[in-house]
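A.B. asks: For reference, the structure I am asking about is given below.
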Amino acid sequence: MSRALPKYNKRRVAIIGGAAAVALTGAIVAGTALAGETSKSSTATARTLADVGSITCPDVASQLPEIPATAQAEVDRNLTLLQTQIDEANKRLVDTVGQGGANFVQNAILGPLEDKRIATVNRIATAIGRTADKPQGLDALAPCALNAGGAAGTGEEAGAGAEAGAGAEAEATPSEAASEAAGGAEDTGNAEGAGDAGEAAGAGAISCPDVASQLPAIPATAQAEVDRNLALLDTQLAEANKRLVDTVGQGGPNFVQNAILGPLADKRNSTIDRIAISIGRTAEKPQGLGSLAACTLTQ
């Protein structure tokens with residue numbers, strides 16, 4: 001009996017060891033297959049994100065003159081805001097992959113980003129100009145470009161730049177076509193022109209609160225600057241209504257809010273701030289004008 005027991009134990013150990021080896025082999029095979037799937041999925045995800053590309057903008061800080069100490073804090077704040085705007089635009093670029101038509105990135109991301117950068121760069125120039133020579137030509141640093149696929153300095157980037165340029169050109173073209181069609185309708189009763197007019201009417205119109213009527217007495221020293229910014233508010237509204245017509249049918253349900261009304265509110269807010277600041281230099285600065293920045297779409 002004592003001799004049989006070791007044989008049984010050896011056999012049992014061998015069986016258990018064999019089963020463990022089989023289980024271990026299966027685990028290794030399963031683990032290898034799973035690792036392969038994970039690697040493939042991660043590669044595909046990385047490739048998808050890489051194909052989105054990224055937005056690059058000219059550096060503003062390096063183009064500034066010597067900054068007066070009194071303006072340093074405001075300039076730094078706006079330089080930080082420029083970077084925040086780029087980060088937000090790059091996030092929107094990823095979040096909206098596959099949305100809209102061929103000109104979606106230009107109309108919904110690059111265009112609004114340029115508008116925001118113009119307002120921010122102008123605030124930087126104004127801050128410096130209060131106690132030193134106001135820098136000129138900074139607006140040229142506002143436009144940004146899509147660096148397609150992250151391939152900087154390659155033909156792929158050049159292609160992306162050309163596509164963005166084509167998008168901007170295409171955005172202007174419908175306006176010219178609409179003008180010609182309207183002229184044809186006026187002269188000859190052209191049915192095509194009438195159809196375009198109907199489409200424009202279907203786009204609705206943007207209306208904004210009146211700012212001029214809400215202003216206090218304007219000091220004589222601020223009148224010219226206030227008038228200039230009030231005129232700019234009208235221009236911004238006209239441009240937004242033009243974009244509304246030119247982009248009919250583009251994007252998803254939130255396209256008008258994200259690509260037109262949102263950027264318009266940002267521009268109006270900056271312009272209204274400049275009005276309040278100009279009045280506040282020699283009189284009491286008006287408060288609460290920021291509530292007049294938001295506009296609405298009416299059908």
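Labeling convention for the structure tokens: chains A, B, ... as they appear, residues from 1 per chain, ligands from 1 in order of appearance.
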Within 8 Å of segment 85-90 of chain A, counting only C-alpha atoms, which residues show up once you throw out same-chain ones fewer than 4 positions away? Write them as a list in words, please.
C.D. replies: Ser54, Ile55, Thr56, Cys57, Leu81, Val94, Ile109, Leu110, Leu113, Lys116 and Arg117 of chain A
A.B. asks: Near segment 215-226 of chain A, within 10 Å and counting only C-alpha atoms, which residues show up once chain neighbours fewer than 4 positions away are dropped, as a list in words?
C.D. replies: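 These residues fall inside the cut-off: Asp210, Val211, Leu230, Ala231, Leu232, Thr271, Ile272, Arg274, Ile275, Ala276, Ile277, Ser278, Ile279, Gly280, Arg281, Thr282, Ala283, Glu284, Lys285, Pro286, Gln287 and Leu289 of chain A.
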A.B. asks: With segment 242-246 of chain A as the partner and 12 Å as the cut-off, tabulate the residues of segment 101-142 of chain A that qualify, each row holding the nearest pair of atoms and their distance in Å to one decimal, using only C-alpha atoms, sorted by chain and rising number, as a Markdown table.
C.D. replies:
```
| residue | atom | partner | partner_atom | distance |
| --- | --- | --- | --- | --- |
| A:Asn103 | CA | A:Asp246 | CA | 11.2 |
| A:Gln106 | CA | A:Arg243 | CA | 12.0 |
| A:Asn107 | CA | A:Arg243 | CA | 8.6 |
| A:Ala108 | CA | A:Arg243 | CA | 10.7 |
| A:Gly111 | CA | A:Arg243 | CA | 10.6 |
| A:Pro112 | CA | A:Arg243 | CA | 11.4 |
```
A.B. asks: Taking into account only C-alpha atoms, which residue in the set A:Ala205, A:Ala142, A:Arg228, A:Asn78 is nearest to Val248 of chain A?
C.D. replies: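 Nearest candidate to Val248 of chain A out of A:Ala205, A:Ala142, A:Arg228, A:Asn78: A:Ala205.
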A.B. asks: Need to verify the contact set: Gln236 of chain A, 8 Å, only C-alpha atoms, exclusion of same-chain residues closer than 5 positions in sequence. Can you return it as a list in words?
C.D. replies: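 The residues satisfying every condition are Leu264, Lys267 and Arg268 of chain A.
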A.B. asks: In Å, rounded to a single decimal, give me how far atom CA of Val121 of chain A is from atom CA of Asp133 of chain A.
C.D. replies: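 Separation between atom CA of Asp133 of chain A and atom CA of Val121 of chain A: 15.1 Å.
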